[in-house]
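**Q** Encoded as structure tokens, here's the structure I'll be asking about.
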Amino acid sequence: MHRIALKRTAVGAHRVTPGRVCNAVRGRAALGGCVLAAALAAAAPALADTGGDLALYGTAGTADSGHVMYTGTSPAIAPMSGGGYEIAYSAPSAELALAGSVGDATEPLGMMPGSSPAIASQAGNGWEAAFEANTTSLWTTGTAGQQNWNLGMHPGTAPAIGELPDGGYQAAFEANTDILWTAGTAGTANTGQAMYAHTDPAITASGTSGMTYQAAIQGPNTSLQVYNPSTLVNEGLGMQTGTSPADTTLNGGGTEIAFQANTHILWTYGSGGNADTGKPMAPGTNPSIAGLAHGGFEVAYQASDGNLAVYGSAGSLDTGLAMAPGTSPSIAGLAQGGYEVAFQAKPVPPAPVVTTPTTTPIPAPVSVPSRRPARPRLRIKIVMSWTWNHARTRLTKLALSRMPRRAALRLLCRGRACPGRAITGTAAHLRRFEHRVATLRFGAGDRVYLKISARGYHQERVLAEIRNGTVPKVRLL
């Protein structure tokens, strides 16, 4: 049997450029029950999942990074003050992973499987990421320090994090009581504001100084609600059930929110204007929004056709780049203008395995007259079936017939890739011998000997020379 193995190749490397504004993104997450405040995050489990690649699109370039993400999760992107940007995502091992101009790394920090991280800029070319640990506790890590907040999150949800005007950060999350909580350099607060179960908040700076911020959430009545430390406003705008909004600070002042309306249409709301964009979104996905350096904003979202799409001041289009189903993109504004989007690309389906059976019959030998009386030959019918993949070859079937019951069987391999000791048997237990032989694998250059002997008969010997990428060369000795 000839086996062909196919694999996809990743697109080349990407170049990062300076950024300015970040909005954390929230992705589809696995369902789970309510858990109280967690203990220390344990080490991440072994490789459990393989989703699509982390991909990039925008004015800084379009590329497949080659980094594989956990299925169904979404990345987050933040610009660095020194130029470039950094991306946080969930690795296939359900560990926090990073990629970008600051560096690529998989941190030994276990995330809740199926949840997505958030990341925000910090002064001095720094960053701070927030994520739900595999203990369901809120964790933050980065240049501002690493901390287990011991605050229990709703299992499978994703936090948001934003840079504050004074240079600190504040995270927002849905607690295991379905209440909006915030934690960071501005303090820890139980806001008392109920959220729609299993949704994620957004958070952004709401002023130019101090520790002011605002959070956007889906309320328990599925409407958009906006919270700051002093007030909560129900905007009366219906959201698609179970989705999450995005929020950003605009360059000229004010904030803008993007969300999926209960009509599955992308809406924007805030200082930059209120609009029913008319752009249909993929059900259950969330938009991301970023303020642009020269004013205005840009939104990234998964369109109803499953492709990455953008809308806003820098242009609106369907990029034609397929996203992983149920995931959401993240967008960051760049310092020189423009934007960059990070998203999980749609996984390439595995290529089918093509097999072609190949059987090598070995004819019975022809007797040669001799002046001396010769012992009779065994005259055994031998059929060997093989499969191979490049240098690796497997003997899938050995069939022997017409031999004395007392015949002894021995199969021996000589070579670097040989499976080990010789296999022996008798004709009385032929099926057992054939079954043991059919599990053997060999490498190119190996020489496989089959010897069949019986008292009073001339022994039969067969040599199979294993070759690279083709059927072995078999002959009688």
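Please note that chains go A, B, ... in the order of the structure tokens, that every chain numbers its residues from 1, and that ligands are numbered from 1 in the order shown.
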Please provide the set of residues having any atom within 6 Å of region 265-281 of chain A, restricted to only C-alpha atoms, with same-chain residues fewer than 3 positions apart removed, written as a PyMOL selection string.
**A** chain A and resi 254-261+302-304
**Q** Include C-alpha atoms and write out the residues we just selected as an mmCIF file, in the first residue's frame.
**A**
data_model
loop_
_atom_site.group_PDB
_atom_site.id
_atom_site.type_symbol
_atom_site.label_atom_id
_atom_site.label_comp_id
_atom_site.auth_asym_id
_atom_site.auth_seq_id
_atom_site.Cartn_x
_atom_site.Cartn_y
_atom_site.Cartn_z
ATOM 1 C CA GLY A 254 -14.615 60.920 23.865
ATOM 2 C CA THR A 255 -15.231 57.232 23.329
ATOM 3 C CA GLU A 256 -16.868 54.997 20.730
ATOM 4 C CA ILE A 257 -18.529 51.586 21.198
ATOM 5 C CA ALA A 258 -19.105 48.850 18.610
ATOM 6 C CA PHE A 259 -21.510 45.932 19.107
ATOM 7 C CA GLN A 260 -23.610 43.330 17.300
ATOM 8 C CA ALA A 261 -27.241 44.449 17.400
ATOM 9 C CA GLN A 302 -16.282 38.647 11.351
ATOM 10 C CA ALA A 303 -18.762 39.134 8.527
ATOM 11 C CA SER A 304 -21.728 36.853 7.947
#
**Q** When you look at region 403-410 of chain A with a cut-off of 10 Å (counting only C-alpha atoms), what residues show up, excluding the ones that are within fewer than 4 positions of it in the same chain? I need them as a PyMOL selection string.
**A** chain A and resi 378-381+422-430+433+449-455+457+459-461
**Q** Just to be explicit: take each residue in the selection above, keep C-alpha atoms, and write the result as an mmCIF file, in the first residue's frame.
**A**
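The result, written out as result16.cif:
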data_model
loop_
_atom_site.group_PDB
_atom_site.id
_atom_site.type_symbol
_atom_site.label_atom_id
_atom_site.label_comp_id
_atom_site.auth_asym_id
_atom_site.auth_seq_id
_atom_site.Cartn_x
_atom_site.Cartn_y
_atom_site.Cartn_z
ATOM 1 C CA LEU A 378 9.506 -27.338 0.006
ATOM 2 C CA ARG A 379 7.756 -25.602 -2.929
ATOM 3 C CA ILE A 380 5.905 -23.149 -0.732
ATOM 4 C CA LYS A 381 3.702 -20.368 -2.098
ATOM 5 C CA ALA A 422 14.250 -12.476 15.062
ATOM 6 C CA ILE A 423 10.710 -13.840 14.995
ATOM 7 C CA THR A 424 10.318 -17.628 14.949
ATOM 8 C CA GLY A 425 7.393 -19.987 14.611
ATOM 9 C CA THR A 426 6.184 -23.289 13.203
ATOM 10 C CA ALA A 427 3.796 -24.329 10.462
ATOM 11 C CA ALA A 428 1.543 -25.793 13.149
ATOM 12 C CA HIS A 429 1.011 -22.251 14.444
ATOM 13 C CA LEU A 430 1.246 -20.468 11.104
ATOM 14 C CA PHE A 433 3.517 -16.271 13.053
ATOM 15 C CA TYR A 449 15.462 -12.662 5.544
ATOM 16 C CA LEU A 450 12.692 -15.272 5.687
ATOM 17 C CA LYS A 451 13.869 -18.865 6.197
ATOM 18 C CA ILE A 452 11.589 -21.936 6.091
ATOM 19 C CA SER A 453 13.097 -25.320 6.917
ATOM 20 C CA ALA A 454 11.851 -28.844 7.538
ATOM 21 C CA ARG A 455 13.710 -32.076 8.155
ATOM 22 C CA TYR A 457 13.733 -30.895 2.728
ATOM 23 C CA GLN A 459 15.316 -25.062 3.150
ATOM 24 C CA GLU A 460 13.658 -22.095 1.451
ATOM 25 C CA ARG A 461 15.219 -18.648 1.869
#
**Q** Enumerate as a PyMOL selection string all residues of region 36-240 of chain A assigned to strand (DSSP E or B) by DSSP on the backbone, naming them with the chain letters and numbers the document uses.
**A** chain A and resi 53-58+63-68+76-79+85-90+95-100+105-111+118-122+126-133+137-142+147-153+160-163+169-175+179-184+189-194+202-205+213-218+223-228+231-239
**Q** Distance CA of Thr191 (chain A)-CA of Pro159 (chain A), one decimal place?
**A** 15.0 Å
**Q** Can you tell me, as a PDB file with N, CA and C atoms, in the first residue's frame, what residues are no more than 9 Å from Ser206 (chain A) when counting only C-alpha atoms, ignoring any on the same chain fewer than 6 positions away?
**A**
ATOM      1  N   LEU A 164      -4.769  53.293  31.517  1.00  0.00           N
ATOM      2  CA  LEU A 164      -5.358  54.477  32.125  1.00  0.00           C
ATOM      3  C   LEU A 164      -4.547  55.724  31.772  1.00  0.00           C
ATOM      4  N   PRO A 165      -5.172  56.907  31.820  1.00  0.00           N
ATOM      5  CA  PRO A 165      -4.454  58.134  31.465  1.00  0.00           C
ATOM      6  C   PRO A 165      -3.195  58.366  32.296  1.00  0.00           C
ATOM      7  N   THR A 212      -9.440  57.558  35.259  1.00  0.00           N
ATOM      8  CA  THR A 212     -10.819  57.482  34.781  1.00  0.00           C
ATOM      9  C   THR A 212     -10.954  56.432  33.695  1.00  0.00           C
ATOM     10  N   TYR A 213     -12.053  55.723  33.710  1.00  0.00           N
ATOM     11  CA  TYR A 213     -12.309  54.700  32.706  1.00  0.00           C
ATOM     12  C   TYR A 213     -13.803  54.504  32.559  1.00  0.00           C
ATOM     13  N   GLN A 214     -14.196  53.832  31.445  1.00  0.00           N
ATOM     14  CA  GLN A 214     -15.579  53.422  31.274  1.00  0.00           C
ATOM     15  C   GLN A 214     -15.597  51.999  30.749  1.00  0.00           C
ATOM     16  N   ASN A 228     -19.330  53.816  34.393  1.00  0.00           N
ATOM     17  CA  ASN A 228     -18.093  54.411  34.890  1.00  0.00           C
ATOM     18  C   ASN A 228     -18.193  54.427  36.405  1.00  0.00           C
ATOM     19  N   THR A 248     -13.462  52.028  22.785  1.00  0.00           N
ATOM     20  CA  THR A 248     -12.154  52.638  22.570  1.00  0.00           C
ATOM     21  C   THR A 248     -12.214  54.122  22.859  1.00  0.00           C
ATOM     22  N   THR A 249     -11.058  54.704  23.159  1.00  0.00           N
ATOM     23  CA  THR A 249     -10.919  56.140  23.341  1.00  0.00           C
ATOM     24  C   THR A 249     -10.526  56.774  22.011  1.00  0.00           C
ATOM     25  N   GLY A 253     -10.821  63.019  21.761  1.00  0.00           N
ATOM     26  CA  GLY A 253     -11.607  63.029  22.978  1.00  0.00           C
ATOM     27  C   GLY A 253     -12.885  62.238  22.815  1.00  0.00           C
ATOM     28  N   GLY A 254     -13.408  61.724  23.900  1.00  0.00           N
ATOM     29  CA  GLY A 254     -14.615  60.920  23.865  1.00  0.00           C
ATOM     30  C   GLY A 254     -14.307  59.458  23.609  1.00  0.00           C
ATOM     31  N   THR A 255     -15.359  58.669  23.552  1.00  0.00           N
ATOM     32  CA  THR A 255     -15.231  57.232  23.329  1.00  0.00           C
ATOM     33  C   THR A 255     -16.219  56.778  22.267  1.00  0.00           C
TER      34      THR A 255
END
**Q** Would you please work out which residue, of A:Glu95, A:Asp305, A:Asp64, A:Glu298, is nearest to Gly337 (chain A) when using only C-alpha atoms?
**A**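 Using only C-alpha atoms, the shortest distance to Gly337 (chain A) belongs to A:Glu298.
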**Q** List the neighbours of Thr285 (chain A) out to 10 Å using only C-alpha atoms; skip same-chain residues closer than 4 positions along the sequence, and give me the result as a short mmCIF file (atom, residue, chain, number, x, y, z; two decimals) with C-alpha atoms, in the first residue's frame.
**A**
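File around.cif, as written:
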data_model
loop_
_atom_site.label_atom_id
_atom_site.label_comp_id
_atom_site.auth_asym_id
_atom_site.auth_seq_id
_atom_site.Cartn_x
_atom_site.Cartn_y
_atom_site.Cartn_z
CA ARG A 26 -13.36 38.80 23.62
CA GLY A 27 -13.92 35.49 21.84
CA ARG A 28 -16.14 32.41 22.00
CA GLN A 240 -27.51 40.10 19.95
CA GLY A 242 -24.76 36.46 24.38
CA THR A 243 -22.42 38.78 22.46
CA SER A 244 -19.99 41.36 23.87
CA PRO A 245 -19.31 45.02 22.96
CA PHE A 259 -21.51 45.93 19.11
CA GLN A 260 -23.61 43.33 17.30
CA HIS A 264 -27.08 40.68 13.59
CA MET A 281 -22.01 39.94 11.32
CA TYR A 301 -15.44 42.06 12.76
CA GLN A 302 -16.28 38.65 11.35
CA ALA A 303 -18.76 39.13 8.53
CA SER A 304 -21.73 36.85 7.95
CA PRO A 325 -15.79 29.97 13.00
CA GLY A 326 -17.06 31.63 16.17
CA THR A 327 -13.92 33.72 16.76
CA SER A 328 -13.51 37.50 16.88
CA PRO A 329 -10.70 39.79 15.66
#
**Q** Show which residues sit within 8 Å of region 184-188 of chain A, as a list in words. Count only C-alpha atoms, and ignore same-chain residues fewer than 4 positions away.
**A**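 Near region 184-188 of chain A, the qualifying residues are Gly168, Tyr169, Gln170, Ala171 and Met211 of chain A.
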**Q** Emit the selected residues as a PDB file, in the first residue's frame, including all heavy atoms.
**A**
ATOM      1  N   GLY A 168      -1.300  53.670  34.370  1.00  0.00           N
ATOM      2  CA  GLY A 168      -1.606  52.366  34.939  1.00  0.00           C
ATOM      3  C   GLY A 168      -2.526  51.570  34.033  1.00  0.00           C
ATOM      4  O   GLY A 168      -2.620  51.824  32.823  1.00  0.00           O
ATOM      5  N   TYR A 169      -3.215  50.602  34.619  1.00  0.00           N
ATOM      6  CA  TYR A 169      -4.136  49.786  33.835  1.00  0.00           C
ATOM      7  C   TYR A 169      -5.322  49.395  34.702  1.00  0.00           C
ATOM      8  O   TYR A 169      -5.260  49.419  35.933  1.00  0.00           O
ATOM      9  CB  TYR A 169      -3.439  48.523  33.311  1.00  0.00           C
ATOM     10  CG  TYR A 169      -3.041  47.549  34.401  1.00  0.00           C
ATOM     11  CD1 TYR A 169      -3.928  46.582  34.870  1.00  0.00           C
ATOM     12  CD2 TYR A 169      -1.773  47.610  34.981  1.00  0.00           C
ATOM     13  CE1 TYR A 169      -3.562  45.702  35.879  1.00  0.00           C
ATOM     14  CE2 TYR A 169      -1.400  46.735  35.992  1.00  0.00           C
ATOM     15  CZ  TYR A 169      -2.296  45.784  36.439  1.00  0.00           C
ATOM     16  OH  TYR A 169      -1.952  44.919  37.443  1.00  0.00           O
ATOM     17  N   GLN A 170      -6.420  49.030  34.053  1.00  0.00           N
ATOM     18  CA  GLN A 170      -7.592  48.540  34.759  1.00  0.00           C
ATOM     19  C   GLN A 170      -8.205  47.410  33.940  1.00  0.00           C
ATOM     20  O   GLN A 170      -8.328  47.521  32.715  1.00  0.00           O
ATOM     21  CB  GLN A 170      -8.618  49.651  34.964  1.00  0.00           C
ATOM     22  CG  GLN A 170      -9.692  49.337  35.979  1.00  0.00           C
ATOM     23  CD  GLN A 170      -9.168  49.361  37.435  1.00  0.00           C
ATOM     24  OE1 GLN A 170      -8.007  49.678  37.686  1.00  0.00           O
ATOM     25  NE2 GLN A 170     -10.027  49.030  38.382  1.00  0.00           N
ATOM     26  N   ALA A 171      -8.529  46.305  34.604  1.00  0.00           N
ATOM     27  CA  ALA A 171      -9.166  45.161  33.964  1.00  0.00           C
ATOM     28  C   ALA A 171     -10.630  45.122  34.374  1.00  0.00           C
ATOM     29  O   ALA A 171     -10.998  45.553  35.467  1.00  0.00           O
ATOM     30  CB  ALA A 171      -8.478  43.860  34.358  1.00  0.00           C
ATOM     31  N   MET A 211      -7.253  58.360  36.770  1.00  0.00           N
ATOM     32  CA  MET A 211      -7.534  56.930  36.633  1.00  0.00           C
ATOM     33  C   MET A 211      -8.976  56.714  36.172  1.00  0.00           C
ATOM     34  O   MET A 211      -9.679  55.835  36.646  1.00  0.00           O
ATOM     35  CB  MET A 211      -7.270  56.215  37.963  1.00  0.00           C
ATOM     36  CG  MET A 211      -5.806  56.272  38.398  1.00  0.00           C
ATOM     37  SD  MET A 211      -5.476  55.329  39.910  1.00  0.00           S
ATOM     38  CE  MET A 211      -6.321  56.351  41.120  1.00  0.00           C
TER      39      MET A 211
END
**Q** Report as a compact mmCIF listing (two decimals) with C-alpha atoms, in the first residue's frame all protein, DNA and RNA residues lying within 12 Å of Ala324 (chain A), evaluated on only C-alpha atoms, omitting residues in the same chain fewer than 3 positions from it.
**A**
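Okay, this is what ended up in result.txt:
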# COMPACT_ATOMS: atom_id res chain seq x y z
CA GLY A 27 -13.92 35.49 21.84
CA ARG A 28 -16.14 32.41 22.00
CA THR A 50 -4.91 22.57 17.54
CA GLY A 51 -6.87 25.38 15.94
CA GLY A 52 -6.04 27.85 13.16
CA ASP A 53 -3.00 30.09 12.82
CA LEU A 54 -2.65 33.56 14.29
CA ALA A 55 -2.93 35.87 11.27
CA VAL A 68 -1.15 27.98 16.11
CA MET A 69 -4.00 29.04 18.39
CA TYR A 70 -6.41 27.13 20.64
CA THR A 71 -9.58 26.34 18.66
CA GLY A 72 -12.37 28.89 19.01
CA THR A 73 -10.33 31.51 20.85
CA SER A 74 -9.53 35.09 19.83
CA PRO A 75 -6.27 37.08 20.08
CA ALA A 282 -21.46 36.22 11.91
CA THR A 285 -19.12 36.92 17.27
CA GLN A 302 -16.28 38.65 11.35
CA ALA A 303 -18.76 39.13 8.53
CA ASP A 305 -19.75 35.04 5.21
CA GLY A 306 -17.07 34.07 7.77
CA ASN A 307 -14.47 36.50 6.42
CA LEU A 308 -12.60 39.24 8.27
CA LEU A 321 -9.63 36.31 4.61
CA THR A 327 -13.92 33.72 16.76
CA SER A 328 -13.51 37.50 16.88
CA PRO A 329 -10.70 39.79 15.66
CA PHE A 343 -7.33 37.16 14.16
CA GLN A 344 -7.49 33.36 14.12
CA ALA A 345 -7.47 32.13 10.55
CA LYS A 346 -9.78 29.33 9.48
CA PRO A 347 -7.88 26.04 9.94
CA VAL A 348 -6.86 24.21 6.76
CA PRO A 349 -8.57 20.80 6.68
**Q** Which one of A:Leu56, A:Ala172, A:Ala183, A:Ala158 sits closest to His198 (chain A) if you count only C-alpha atoms?
**A**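 Result for the nearest residue to His198 (chain A): A:Ala158.
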**Q** How many Å separate CA of Arg467 (chain A) from CA of Ala444 (chain A)?
**A** 4.7 Å
**Q** So, counting only C-alpha atoms, which residue among A:Phe442, A:Tyr227, A:Phe173, A:Tyr85 is closest to Leu98 (chain A)?
**A**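 Result for the nearest residue to Leu98 (chain A): A:Tyr85.
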**Q** Quote the spacing between CA of Ser313 (chain A) and CA of Met80 (chain A) in Å to one decimal place.
**A**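 Interatomic distance here is 22.2 Å.
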